[in-house]
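Engineer: This is my_file39.txt (compact mmCIF, C-alpha atoms).
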# COMPACT_ATOMS: atom_id res chain seq x y z
CA MET X 1 -126.49 -9.25 48.39
CA LYS X 2 -129.90 -10.83 48.06
CA ALA X 3 -131.19 -13.00 50.89
CA LEU X 4 -131.17 -16.11 48.72
CA GLU X 5 -127.45 -15.60 48.06
CA MET X 6 -126.49 -15.06 51.65
CA LYS X 7 -124.73 -17.79 53.56
CA PRO X 8 -126.84 -18.93 56.54
CA LEU X 9 -125.42 -18.53 60.00
CA GLU X 10 -124.36 -21.87 61.47
CA ILE X 11 -125.28 -22.60 65.08
CA ARG X 12 -123.78 -25.64 66.78
CA VAL X 13 -125.68 -26.97 69.79
CA THR X 14 -123.68 -29.34 71.98
CA TYR X 15 -126.09 -31.28 74.17
CA ASP X 16 -126.96 -34.39 76.14
CA PHE X 17 -130.52 -35.62 76.54
CA ILE X 18 -130.22 -35.99 80.33
CA CYS X 19 -129.19 -32.35 80.80
CA PRO X 20 -132.22 -30.21 81.74
CA TRP X 21 -130.38 -27.01 80.89
CA CYS X 22 -129.86 -28.27 77.34
CA TRP X 23 -133.64 -28.39 76.86
CA ILE X 24 -133.99 -24.92 78.38
CA ALA X 25 -131.12 -23.47 76.33
CA TYR X 26 -132.54 -24.88 73.10
CA THR X 27 -135.96 -23.42 73.86
CA ASN X 28 -134.37 -20.02 74.43
CA LEU X 29 -132.36 -20.39 71.23
CA LYS X 30 -135.42 -21.16 69.09
CA GLU X 31 -137.24 -18.11 70.45
CA ALA X 32 -134.13 -15.97 69.95
CA ILE X 33 -133.93 -17.05 66.31
CA LEU X 34 -137.48 -15.78 65.77
CA ARG X 35 -136.71 -12.50 67.54
CA ALA X 36 -133.42 -11.94 65.70
CA GLY X 37 -135.22 -11.53 62.38
CA LEU X 38 -132.26 -12.64 60.27
CA GLU X 39 -132.69 -12.47 56.49
CA VAL X 40 -131.70 -16.12 56.15
CA ALA X 41 -132.72 -18.73 58.71
CA PRO X 42 -129.73 -20.11 60.67
CA VAL X 43 -128.67 -23.71 60.24
CA ILE X 44 -128.56 -25.68 63.50
CA LYS X 45 -126.11 -28.55 63.90
CA TYR X 46 -126.62 -30.95 66.80
CA VAL X 47 -123.41 -32.07 68.48
CA PRO X 48 -123.59 -35.06 70.88
CA TYR X 49 -121.82 -34.97 74.24
CA GLU X 50 -122.34 -37.76 76.75
CA ILE X 51 -122.23 -36.56 80.34
CA ASN X 52 -121.86 -40.18 81.45
CA PRO X 53 -119.92 -41.98 78.68
CA THR X 54 -119.28 -44.98 80.95
CA MET X 55 -122.91 -45.36 82.04
CA PRO X 56 -124.04 -49.02 81.78
CA ALA X 57 -126.20 -49.72 78.75
CA GLU X 58 -129.19 -50.39 81.01
CA GLY X 59 -128.69 -47.11 82.86
CA CYS X 60 -128.69 -46.59 86.61
CA ASN X 61 -131.26 -45.90 89.31
CA ARG X 62 -131.58 -42.13 89.24
CA ARG X 63 -131.80 -41.62 92.99
CA ALA X 64 -128.68 -43.72 93.60
CA TYR X 65 -126.79 -42.08 90.77
CA ARG X 66 -127.68 -38.51 91.69
CA SER X 67 -127.07 -39.07 95.40
CA ALA X 68 -123.58 -40.33 94.63
CA LYS X 69 -122.91 -37.50 92.18
CA PHE X 70 -124.01 -34.63 94.43
CA GLY X 71 -123.33 -36.12 97.85
CA THR X 72 -126.93 -36.47 99.01
CA TRP X 73 -130.36 -36.89 97.45
CA GLU X 74 -131.42 -33.60 99.05
CA LYS X 75 -128.71 -31.72 97.14
CA SER X 76 -129.89 -33.37 93.94
CA GLU X 77 -133.46 -32.26 94.66
CA VAL X 78 -132.32 -28.65 95.07
CA ARG X 79 -130.80 -28.77 91.59
CA ASP X 80 -133.98 -30.33 90.23
CA VAL X 81 -136.07 -27.51 91.66
CA GLN X 82 -133.75 -24.93 90.10
CA SER X 83 -134.18 -26.40 86.63
CA MET X 84 -137.93 -26.87 87.15
CA ILE X 85 -138.32 -23.17 87.93
CA ALA X 86 -136.15 -22.14 84.98
CA GLY X 87 -138.02 -24.50 82.71
CA LYS X 88 -141.43 -23.22 83.77
CA ARG X 89 -140.37 -19.70 82.84
CA VAL X 90 -139.90 -20.80 79.23
CA GLY X 91 -142.92 -23.09 79.07
CA LEU X 92 -141.29 -26.44 79.80
CA ASN X 93 -142.67 -29.05 82.18
CA PHE X 94 -140.14 -31.02 84.22
CA ASN X 95 -141.63 -33.92 86.16
CA TYR X 96 -138.72 -35.47 88.04
CA SER X 97 -140.99 -37.63 90.18
CA ARG X 98 -141.63 -39.79 87.12
CA ILE X 99 -137.97 -40.43 86.33
CA GLU X 100 -136.64 -43.67 87.78
CA VAL X 101 -133.60 -44.27 85.59
CA THR X 102 -130.65 -42.16 84.51
CA PRO X 103 -130.12 -43.67 81.06
CA ASN X 104 -127.19 -44.28 78.80
CA THR X 105 -127.80 -41.75 76.01
CA ARG X 106 -125.63 -43.21 73.23
CA LEU X 107 -128.60 -44.78 71.40
CA ALA X 108 -130.51 -41.49 71.48
CA HIS X 109 -127.50 -39.60 70.11
CA ARG X 110 -127.05 -42.17 67.35
CA LEU X 111 -130.70 -41.90 66.41
CA LEU X 112 -130.69 -38.11 66.17
CA PHE X 113 -127.46 -38.20 64.17
CA PHE X 114 -129.06 -40.73 61.80
CA ILE X 115 -132.17 -38.61 61.29
CA GLU X 116 -130.11 -35.42 60.87
CA MET X 117 -128.20 -37.12 58.06
CA GLY X 118 -131.49 -37.35 56.18
CA ARG X 119 -131.45 -33.54 56.01
CA ASP X 120 -135.05 -33.17 57.09
CA VAL X 121 -134.64 -30.17 59.38
CA SER X 122 -138.19 -30.23 60.71
CA GLN X 123 -138.09 -33.94 61.50
CA THR X 124 -134.74 -33.64 63.25
CA GLU X 125 -135.97 -30.75 65.36
CA GLN X 126 -139.19 -32.53 66.30
CA LEU X 127 -137.30 -35.64 67.36
CA TYR X 128 -134.80 -33.59 69.38
CA ARG X 129 -137.58 -31.93 71.34
CA ALA X 130 -139.59 -35.13 71.67
CA ILE X 131 -136.74 -37.05 73.28
CA PHE X 132 -136.22 -34.33 75.88
CA ARG X 133 -139.94 -34.19 76.58
CA ALA X 134 -140.19 -37.98 76.87
CA TYR X 135 -137.44 -38.06 79.48
CA PHE X 136 -138.05 -34.95 81.56
CA ALA X 137 -141.83 -34.59 81.34
CA GLU X 138 -142.93 -38.21 80.94
CA GLY X 139 -140.12 -40.02 82.78
CA ARG X 140 -139.52 -42.50 79.95
CA ASP X 141 -136.30 -44.51 79.75
CA ILE X 142 -134.71 -43.04 76.62
CA GLY X 143 -131.84 -45.50 76.89
CA LYS X 144 -134.11 -48.25 75.50
CA ALA X 145 -134.35 -48.80 71.75
CA GLU X 146 -138.05 -49.63 71.88
CA VAL X 147 -138.81 -46.40 73.70
CA LEU X 148 -136.84 -44.35 71.18
CA ALA X 149 -138.64 -46.10 68.32
CA GLU X 150 -142.00 -45.15 69.82
CA ILE X 151 -140.89 -41.55 70.33
CA ALA X 152 -139.73 -41.39 66.72
CA ALA X 153 -143.01 -42.85 65.46
CA ASN X 154 -144.91 -40.13 67.31
CA VAL X 155 -143.15 -37.47 65.20
CA GLY X 156 -143.70 -39.25 61.91
CA ILE X 157 -140.52 -41.34 61.64
CA SER X 158 -140.84 -44.99 60.67
CA GLN X 159 -140.79 -47.06 63.87
CA LYS X 160 -139.68 -50.12 61.90
CA SER X 161 -136.72 -48.26 60.39
CA VAL X 162 -135.63 -46.91 63.76
CA THR X 163 -135.91 -50.33 65.39
CA PHE X 164 -133.79 -51.86 62.64
CA PHE X 165 -131.20 -49.07 62.83
CA LEU X 166 -130.80 -49.23 66.61
CA ALA X 167 -130.42 -53.02 66.50
CA THR X 168 -127.13 -52.47 64.66
CA ASP X 169 -124.03 -50.52 65.67
CA ALA X 170 -124.34 -48.20 62.67
CA LEU X 171 -122.93 -44.69 63.25
CA ASP X 172 -121.68 -45.60 66.72
CA ARG X 173 -118.06 -44.87 65.81
CA GLU X 174 -119.06 -41.69 64.02
CA VAL X 175 -120.91 -40.37 67.06
CA GLU X 176 -118.01 -41.24 69.33
CA ALA X 177 -115.53 -39.56 66.98
CA LEU X 178 -117.68 -36.43 66.88
CA GLU X 179 -117.77 -36.32 70.66
CA LEU X 180 -114.00 -36.67 70.87
CA ARG X 181 -113.44 -33.91 68.31
CA THR X 182 -115.79 -31.67 70.26
CA ILE X 183 -113.90 -32.25 73.49
CA ALA X 184 -110.58 -31.72 71.71
CA ALA X 185 -111.93 -28.40 70.43
CA GLY X 186 -112.36 -27.25 74.03
CA VAL X 187 -116.00 -27.98 74.84
CA GLN X 188 -116.05 -29.25 78.42
CA ALA X 189 -119.70 -29.10 79.40
CA VAL X 190 -123.26 -28.91 78.14
CA PRO X 191 -125.15 -27.01 77.04
CA THR X 192 -122.74 -25.18 74.77
CA ILE X 193 -124.02 -23.08 71.88
CA GLN X 194 -121.62 -21.89 69.20
CA ILE X 195 -122.90 -19.07 67.02
CA GLY X 196 -120.50 -18.27 64.25
CA GLY X 197 -117.15 -18.08 65.98
CA ARG X 198 -118.49 -17.37 69.46
CA ARG X 199 -119.08 -20.13 72.00
CA ILE X 200 -121.58 -19.66 74.83
CA GLY X 201 -121.94 -22.05 77.77
CA GLY X 202 -124.96 -22.60 79.97
CA ALA X 203 -128.50 -21.45 79.23
CA PRO X 204 -128.18 -17.78 78.19
CA GLN X 205 -131.12 -15.41 78.08
CA ARG X 206 -132.91 -14.98 74.77
CA ILE X 207 -131.91 -11.34 74.37
CA ALA X 208 -128.23 -12.24 74.71
CA LEU X 209 -128.59 -14.88 71.99
CA VAL X 210 -130.35 -12.38 69.73
CA HIS X 211 -127.45 -9.93 70.04
CA VAL X 212 -124.85 -12.61 69.32
CA MET X 213 -126.75 -13.87 66.29
CA ARG X 214 -127.15 -10.40 64.81
CA GLU X 215 -123.47 -9.64 65.33
CA ALA X 216 -122.40 -12.95 63.81
CA ALA X 217 -124.73 -12.55 60.82
CA ALA X 218 -123.33 -9.07 60.16
CA SER X 219 -119.71 -10.22 60.26
CA PRO X 220 -117.69 -10.60 57.02
CA GLY X 221 -118.46 -13.77 55.10
CA LEU X 222 -122.01 -14.09 56.39
CA GLY X 223 -123.60 -11.04 54.83
What is this file in structure tokens?
Structural biologist:
Amino acid sequence: MKALEMKPLEIRVTYDFICPWCWIAYTNLKEAILRAGLEVAPVIKYVPYEINPTMPAEGCNRRAYRSAKFGTWEKSEVRDVQSMIAGKRVGLNFNYSRIEVTPNTRLAHRLLFFIEMGRDVSQTEQLYRAIFRAYFAEGRDIGKAEVLAEIAANVGISQKSVTFFLATDALDREVEALELRTIAAGVQAVPTIQIGGRRIGGAPQRIALVHVMREAAASPGLG
């Protein structure tokens, strides 16, 4: 079968923008896609999953939130260092000292879902990466509509359109429904990457992702 006739492999990335391992896992995935050398480029679907679905709209002081979650601030710092080291290995810069707020991520999920519906793969991917970078490297409060609008503008998306969209409740129910379906399907944590019929949790190494992609692409119905 010619490459143009082949069905692309679908990869579903379940994520939350306040999960450092989601940024790391996605970076590994993108490199693995290049290394896999598939005849047809995979199609990535972004699946929202709020770690803190009951987080107040204005977010919460990060130190207070993380201290309560892990027992002490020192335990939180240990986890931060672990992700900083892992991130540095794949070229990502985590700057936790800049982060003051753990945000509510619903607006960010709605925005990405909205842009993804436009079917501009490059724009969706750029926004996805830019939101992670804004939060983890720049310490910006991605729970605020005006911040998200600025981030979107920096990757070529109309700031006015984003501001208007986020001022409504458009796609809020759709995002919530997608999250609930994802949980019902058995996803219990992020990051989770589903390649074909195989689901992988955590931030797997690139070589492992390459093997899974090649196996999935060679399976009946995809080749």
Engineer: Can you work out which one of X:Val13, X:Tyr96, X:Asp120, X:Ala36 has the shortest atom-to-atom distance to Glu215 of chain X, counting all atoms listed in the file?
Structural biologist: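 Closest residue, counting all atoms listed in the file: X:Ala36.
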Engineer: Find the spatial neighbours of Pro48 of chain X, counting all atoms listed in the file, within a cut-off of 8 Å - ignore same-chain residues fewer than 2 positions away - and output them as a list in words.
Structural biologist: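 Non-adjacent residues within range: Thr14, Tyr15, Asp16, Tyr46, Glu50, His109, Val175, Leu178 and Glu179 of chain X.
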Engineer: Between atom CA of His211 of chain X and atom CA of Gly91 of chain X, what distance in Å does the model show, to one decimal?
Structural biologist: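 Atom CA of His211 of chain X sits 22.2 Å away from atom CA of Gly91 of chain X.
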Engineer: Nearest to Lys88 of chain X: which of X:Ala137, X:Ala57, X:Val43, X:Leu112 is it, counting all atoms listed in the file?
Structural biologist: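 That would be X:Ala137, the residue with the smallest distance to Lys88 of chain X.
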Engineer: Between X:Phe17, X:Phe94, X:Tyr65, X:Phe70, which is the closest to Phe136 of chain X once you count all atoms listed in the file?
Structural biologist: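 Of all the options, X:Phe94 lies closest to Phe136 of chain X.
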Engineer: Restricting the calculation to all atoms listed in the file, which member of X:Val147, X:Val78, X:Val212, X:Ala153 is positioned closest to Ile193 of chain X?
Structural biologist: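 When distances to Ile193 of chain X are compared using all atoms listed in the file, the smallest one comes from X:Val212.
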